[in-house]
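A.B. asks: There's a structure below that I have some questions on.
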Amino acid sequence: PESYTEIKNQFDQDKERLKKNNSATTFLPMQVEVDTNTLSAKITGMLSTGKEKISEHKKTFVLSFVLREWGNLQLLSFKTDQSVSDTSG
């Protein structure tokens, strides 16, 4: 889709940062809210950074989709929900 390059660049940057720091990031989903009218989903969970859990905090991501011909559902955007405040865990 139109946003492929933007999403791929973000993932590539994250991959290089994690490789450079010899680190890891894990996301454990805890809640999923799906809106079939807007073809979007909010996924909230705990984001842990570091091989030995250097940090852990609540994070919400918003995924937007587009419905293409033949019922093909494609990811349009993948963003952090700025309206939800992160809390340390």
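Order determines the names: the first chain of the structure tokens is A, the second B, and so forth; residues in each chain are numbered 1 upward, and ligands are numbered 1 upward as they are shown.
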Would you list, as a PDB file with N, CA, C and O atoms, in the first residue's frame, the residues of chain A that end up in strand (DSSP E) under DSSP run on this structure's backbone?
C.D. replies:
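Wrote part.pdb, looks like this:
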ATOM      1  N   THR A  25      13.310  -5.839  22.150  1.00  0.00           N
ATOM      2  CA  THR A  25      12.050  -5.227  22.566  1.00  0.00           C
ATOM      3  C   THR A  25      10.953  -6.271  22.449  1.00  0.00           C
ATOM      4  O   THR A  25      10.881  -6.988  21.447  1.00  0.00           O
ATOM      5  N   THR A  26      10.114  -6.352  23.474  1.00  0.00           N
ATOM      6  CA  THR A  26       9.010  -7.310  23.485  1.00  0.00           C
ATOM      7  C   THR A  26       7.718  -6.572  23.796  1.00  0.00           C
ATOM      8  O   THR A  26       7.686  -5.716  24.680  1.00  0.00           O
ATOM      9  N   PHE A  27       6.658  -6.895  23.069  1.00  0.00           N
ATOM     10  CA  PHE A  27       5.352  -6.296  23.312  1.00  0.00           C
ATOM     11  C   PHE A  27       4.375  -7.406  23.647  1.00  0.00           C
ATOM     12  O   PHE A  27       4.192  -8.349  22.871  1.00  0.00           O
ATOM     13  N   LEU A  28       3.752  -7.306  24.828  1.00  0.00           N
ATOM     14  CA  LEU A  28       2.764  -8.285  25.275  1.00  0.00           C
ATOM     15  C   LEU A  28       1.374  -7.637  25.226  1.00  0.00           C
ATOM     16  O   LEU A  28       1.032  -6.821  26.087  1.00  0.00           O
ATOM     17  N   PRO A  29       0.575  -7.956  24.198  1.00  0.00           N
ATOM     18  CA  PRO A  29      -0.760  -7.356  24.087  1.00  0.00           C
ATOM     19  C   PRO A  29      -1.651  -7.747  25.263  1.00  0.00           C
ATOM     20  O   PRO A  29      -1.639  -8.893  25.692  1.00  0.00           O
ATOM     21  N   MET A  30      -2.419  -6.779  25.780  1.00  0.00           N
ATOM     22  CA  MET A  30      -3.324  -7.028  26.890  1.00  0.00           C
ATOM     23  C   MET A  30      -4.773  -6.702  26.532  1.00  0.00           C
ATOM     24  O   MET A  30      -5.695  -7.246  27.124  1.00  0.00           O
ATOM     25  N   GLN A  31      -4.954  -5.779  25.567  1.00  0.00           N
ATOM     26  CA  GLN A  31      -6.306  -5.370  25.187  1.00  0.00           C
ATOM     27  C   GLN A  31      -6.310  -4.978  23.714  1.00  0.00           C
ATOM     28  O   GLN A  31      -5.394  -4.296  23.249  1.00  0.00           O
ATOM     29  N   VAL A  32      -7.350  -5.404  22.999  1.00  0.00           N
ATOM     30  CA  VAL A  32      -7.503  -5.058  21.587  1.00  0.00           C
ATOM     31  C   VAL A  32      -8.901  -4.488  21.388  1.00  0.00           C
ATOM     32  O   VAL A  32      -9.888  -5.101  21.789  1.00  0.00           O
ATOM     33  N   GLU A  33      -8.967  -3.294  20.792  1.00  0.00           N
ATOM     34  CA  GLU A  33     -10.245  -2.668  20.463  1.00  0.00           C
ATOM     35  C   GLU A  33     -10.302  -2.530  18.949  1.00  0.00           C
ATOM     36  O   GLU A  33      -9.458  -1.866  18.358  1.00  0.00           O
ATOM     37  N   VAL A  34     -11.309  -3.151  18.344  1.00  0.00           N
ATOM     38  CA  VAL A  34     -11.451  -3.130  16.891  1.00  0.00           C
ATOM     39  C   VAL A  34     -12.642  -2.256  16.509  1.00  0.00           C
ATOM     40  O   VAL A  34     -13.712  -2.368  17.098  1.00  0.00           O
ATOM     41  N   ASP A  35     -12.431  -1.380  15.525  1.00  0.00           N
ATOM     42  CA  ASP A  35     -13.505  -0.538  14.998  1.00  0.00           C
ATOM     43  C   ASP A  35     -13.715  -0.935  13.536  1.00  0.00           C
ATOM     44  O   ASP A  35     -12.914  -0.572  12.667  1.00  0.00           O
ATOM     45  N   SER A  40      -9.949   0.035  11.854  1.00  0.00           N
ATOM     46  CA  SER A  40      -8.786   0.329  12.691  1.00  0.00           C
ATOM     47  C   SER A  40      -8.823  -0.528  13.955  1.00  0.00           C
ATOM     48  O   SER A  40      -9.856  -1.085  14.303  1.00  0.00           O
ATOM     49  N   ALA A  41      -7.675  -0.616  14.599  1.00  0.00           N
ATOM     50  CA  ALA A  41      -7.574  -1.369  15.844  1.00  0.00           C
ATOM     51  C   ALA A  41      -6.619  -0.658  16.781  1.00  0.00           C
ATOM     52  O   ALA A  41      -5.599  -0.118  16.348  1.00  0.00           O
ATOM     53  N   LYS A  42      -6.956  -0.629  18.063  1.00  0.00           N
ATOM     54  CA  LYS A  42      -6.078  -0.108  19.118  1.00  0.00           C
ATOM     55  C   LYS A  42      -5.619  -1.310  19.922  1.00  0.00           C
ATOM     56  O   LYS A  42      -6.440  -2.070  20.421  1.00  0.00           O
ATOM     57  N   ILE A  43      -4.307  -1.455  20.030  1.00  0.00           N
ATOM     58  CA  ILE A  43      -3.748  -2.578  20.780  1.00  0.00           C
ATOM     59  C   ILE A  43      -2.932  -2.015  21.933  1.00  0.00           C
ATOM     60  O   ILE A  43      -1.966  -1.279  21.712  1.00  0.00           O
ATOM     61  N   THR A  44      -3.328  -2.330  23.157  1.00  0.00           N
ATOM     62  CA  THR A  44      -2.652  -1.850  24.356  1.00  0.00           C
ATOM     63  C   THR A  44      -1.982  -3.031  25.042  1.00  0.00           C
ATOM     64  O   THR A  44      -2.548  -4.110  25.135  1.00  0.00           O
ATOM     65  N   GLY A  45      -0.755  -2.794  25.521  1.00  0.00           N
ATOM     66  CA  GLY A  45      -0.035  -3.844  26.207  1.00  0.00           C
ATOM     67  C   GLY A  45       1.206  -3.312  26.887  1.00  0.00           C
ATOM     68  O   GLY A  45       1.402  -2.107  26.998  1.00  0.00           O
ATOM     69  N   MET A  46       2.050  -4.233  27.338  1.00  0.00           N
ATOM     70  CA  MET A  46       3.287  -3.868  28.019  1.00  0.00           C
ATOM     71  C   MET A  46       4.458  -3.997  27.053  1.00  0.00           C
ATOM     72  O   MET A  46       4.658  -5.050  26.453  1.00  0.00           O
ATOM     73  N   LEU A  47       5.223  -2.913  26.920  1.00  0.00           N
ATOM     74  CA  LEU A  47       6.399  -2.876  26.062  1.00  0.00           C
ATOM     75  C   LEU A  47       7.627  -2.962  26.951  1.00  0.00           C
ATOM     76  O   LEU A  47       7.840  -2.116  27.817  1.00  0.00           O
ATOM     77  N   SER A  48       8.411  -4.016  26.760  1.00  0.00           N
ATOM     78  CA  SER A  48       9.632  -4.232  27.548  1.00  0.00           C
ATOM     79  C   SER A  48      10.836  -4.037  26.649  1.00  0.00           C
ATOM     80  O   SER A  48      10.850  -4.493  25.508  1.00  0.00           O
ATOM     81  N   THR A  49      11.856  -3.375  27.176  1.00  0.00           N
ATOM     82  CA  THR A  49      13.087  -3.134  26.435  1.00  0.00           C
ATOM     83  C   THR A  49      14.262  -3.686  27.211  1.00  0.00           C
ATOM     84  O   THR A  49      14.345  -3.514  28.422  1.00  0.00           O
ATOM     85  N   SER A  55      13.490  -1.619  30.915  1.00  0.00           N
ATOM     86  CA  SER A  55      12.313  -0.790  31.146  1.00  0.00           C
ATOM     87  C   SER A  55      11.068  -1.542  30.705  1.00  0.00           C
ATOM     88  O   SER A  55      11.119  -2.420  29.847  1.00  0.00           O
ATOM     89  N   GLU A  56       9.955  -1.175  31.299  1.00  0.00           N
ATOM     90  CA  GLU A  56       8.673  -1.759  30.949  1.00  0.00           C
ATOM     91  C   GLU A  56       7.609  -0.700  31.168  1.00  0.00           C
ATOM     92  O   GLU A  56       7.569  -0.069  32.221  1.00  0.00           O
ATOM     93  N   HIS A  57       6.780  -0.470  30.156  1.00  0.00           N
ATOM     94  CA  HIS A  57       5.710   0.506  30.311  1.00  0.00           C
ATOM     95  C   HIS A  57       4.535   0.152  29.408  1.00  0.00           C
ATOM     96  O   HIS A  57       4.673  -0.581  28.432  1.00  0.00           O
ATOM     97  N   LYS A  58       3.382   0.697  29.764  1.00  0.00           N
ATOM     98  CA  LYS A  58       2.161   0.476  29.008  1.00  0.00           C
ATOM     99  C   LYS A  58       2.226   1.297  27.725  1.00  0.00           C
ATOM    100  O   LYS A  58       2.613   2.467  27.746  1.00  0.00           O
ATOM    101  N   LYS A  59       1.846   0.685  26.618  1.00  0.00           N
ATOM    102  CA  LYS A  59       1.925   1.361  25.329  1.00  0.00           C
ATOM    103  C   LYS A  59       0.702   0.972  24.508  1.00  0.00           C
ATOM    104  O   LYS A  59       0.217  -0.153  24.581  1.00  0.00           O
ATOM    105  N   THR A  60       0.186   1.924  23.726  1.00  0.00           N
ATOM    106  CA  THR A  60      -0.938   1.656  22.838  1.00  0.00           C
ATOM    107  C   THR A  60      -0.538   2.001  21.412  1.00  0.00           C
ATOM    108  O   THR A  60       0.022   3.061  21.149  1.00  0.00           O
ATOM    109  N   PHE A  61      -0.811   1.067  20.525  1.00  0.00           N
ATOM    110  CA  PHE A  61      -0.553   1.268  19.101  1.00  0.00           C
ATOM    111  C   PHE A  61      -1.877   1.304  18.367  1.00  0.00           C
ATOM    112  O   PHE A  61      -2.823   0.603  18.731  1.00  0.00           O
ATOM    113  N   VAL A  62      -1.944   2.132  17.323  1.00  0.00           N
ATOM    114  CA  VAL A  62      -3.143   2.224  16.496  1.00  0.00           C
ATOM    115  C   VAL A  62      -2.778   1.747  15.090  1.00  0.00           C
ATOM    116  O   VAL A  62      -1.847   2.257  14.479  1.00  0.00           O
ATOM    117  N   LEU A  63      -3.514   0.756  14.626  1.00  0.00           N
ATOM    118  CA  LEU A  63      -3.312   0.220  13.288  1.00  0.00           C
ATOM    119  C   LEU A  63      -4.517   0.597  12.444  1.00  0.00           C
ATOM    120  O   LEU A  63      -5.666   0.431  12.884  1.00  0.00           O
ATOM    121  N   SER A  64      -4.256   1.127  11.261  1.00  0.00           N
ATOM    122  CA  SER A  64      -5.329   1.459  10.326  1.00  0.00           C
ATOM    123  C   SER A  64      -5.177   0.588   9.090  1.00  0.00           C
ATOM    124  O   SER A  64      -4.056   0.339   8.632  1.00  0.00           O
ATOM    125  N   PHE A  65      -6.298   0.153   8.564  1.00  0.00           N
ATOM    126  CA  PHE A  65      -6.297  -0.740   7.414  1.00  0.00           C
ATOM    127  C   PHE A  65      -7.110  -0.144   6.279  1.00  0.00           C
ATOM    128  O   PHE A  65      -7.909   0.761   6.488  1.00  0.00           O
ATOM    129  N   VAL A  66      -6.914  -0.687   5.092  1.00  0.00           N
ATOM    130  CA  VAL A  66      -7.705  -0.309   3.929  1.00  0.00           C
ATOM    131  C   VAL A  66      -8.156  -1.610   3.264  1.00  0.00           C
ATOM    132  O   VAL A  66      -7.408  -2.590   3.231  1.00  0.00           O
ATOM    133  N   LEU A  67      -9.393  -1.608   2.783  1.00  0.00           N
ATOM    134  CA  LEU A  67      -9.942  -2.775   2.117  1.00  0.00           C
ATOM    135  C   LEU A  67      -9.803  -2.582   0.619  1.00  0.00           C
ATOM    136  O   LEU A  67     -10.350  -1.644   0.042  1.00  0.00           O
ATOM    137  N   LEU A  73      -7.366  -7.081   2.719  1.00  0.00           N
ATOM    138  CA  LEU A  73      -7.168  -6.115   3.795  1.00  0.00           C
ATOM    139  C   LEU A  73      -5.682  -5.811   3.939  1.00  0.00           C
ATOM    140  O   LEU A  73      -4.876  -6.723   4.130  1.00  0.00           O
ATOM    141  N   GLN A  74      -5.301  -4.538   3.821  1.00  0.00           N
ATOM    142  CA  GLN A  74      -3.896  -4.153   3.894  1.00  0.00           C
ATOM    143  C   GLN A  74      -3.670  -3.126   4.991  1.00  0.00           C
ATOM    144  O   GLN A  74      -4.510  -2.259   5.230  1.00  0.00           O
ATOM    145  N   LEU A  75      -2.504  -3.233   5.643  1.00  0.00           N
ATOM    146  CA  LEU A  75      -2.122  -2.283   6.677  1.00  0.00           C
ATOM    147  C   LEU A  75      -1.827  -0.930   6.040  1.00  0.00           C
ATOM    148  O   LEU A  75      -1.037  -0.831   5.110  1.00  0.00           O
ATOM    149  N   LEU A  76      -2.466   0.115   6.545  1.00  0.00           N
ATOM    150  CA  LEU A  76      -2.287   1.459   6.015  1.00  0.00           C
ATOM    151  C   LEU A  76      -1.335   2.264   6.889  1.00  0.00           C
ATOM    152  O   LEU A  76      -0.473   2.983   6.396  1.00  0.00           O
ATOM    153  N   SER A  77      -1.467   2.135   8.223  1.00  0.00           N
ATOM    154  CA  SER A  77      -0.564   2.850   9.126  1.00  0.00           C
ATOM    155  C   SER A  77      -0.432   2.096  10.446  1.00  0.00           C
ATOM    156  O   SER A  77      -1.311   1.330  10.831  1.00  0.00           O
ATOM    157  N   PHE A  78       0.690   2.341  11.122  1.00  0.00           N
ATOM    158  CA  PHE A  78       1.021   1.703  12.397  1.00  0.00           C
ATOM    159  C   PHE A  78       1.659   2.795  13.239  1.00  0.00           C
ATOM    160  O   PHE A  78       2.790   3.178  12.986  1.00  0.00           O
ATOM    161  N   LYS A  79       0.912   3.337  14.200  1.00  0.00           N
ATOM    162  CA  LYS A  79       1.387   4.491  14.954  1.00  0.00           C
ATOM    163  C   LYS A  79       1.186   4.298  16.455  1.00  0.00           C
ATOM    164  O   LYS A  79       0.348   3.526  16.890  1.00  0.00           O
ATOM    165  N   THR A  80       1.952   5.052  17.227  1.00  0.00           N
ATOM    166  CA  THR A  80       1.764   5.098  18.676  1.00  0.00           C
ATOM    167  C   THR A  80       0.594   6.013  18.979  1.00  0.00           C
ATOM    168  O   THR A  80       0.463   7.075  18.391  1.00  0.00           O
TER     169      THR A  80
END
A.B. asks: Got a sec to tell me which of chain A DSSP assigns to helix (DSSP H, G or I), as a list in words?
C.D. replies: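 The helix (DSSP H, G or I) subset of chain A is Tyr4, Thr5, Glu6, Ile7, Lys8, Asn9, Gln10, Phe11, Asp12, Gln13, Asp14, Lys15, Glu16, Arg17, Leu18, Lys19, Lys20, Glu69, Trp70 and Gly71 of chain A.
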A.B. asks: One decimal, in Å: what's the spacing between CA of Ile54 in chain A and CA of Gln82 in chain A?
C.D. replies: 22.5 Å
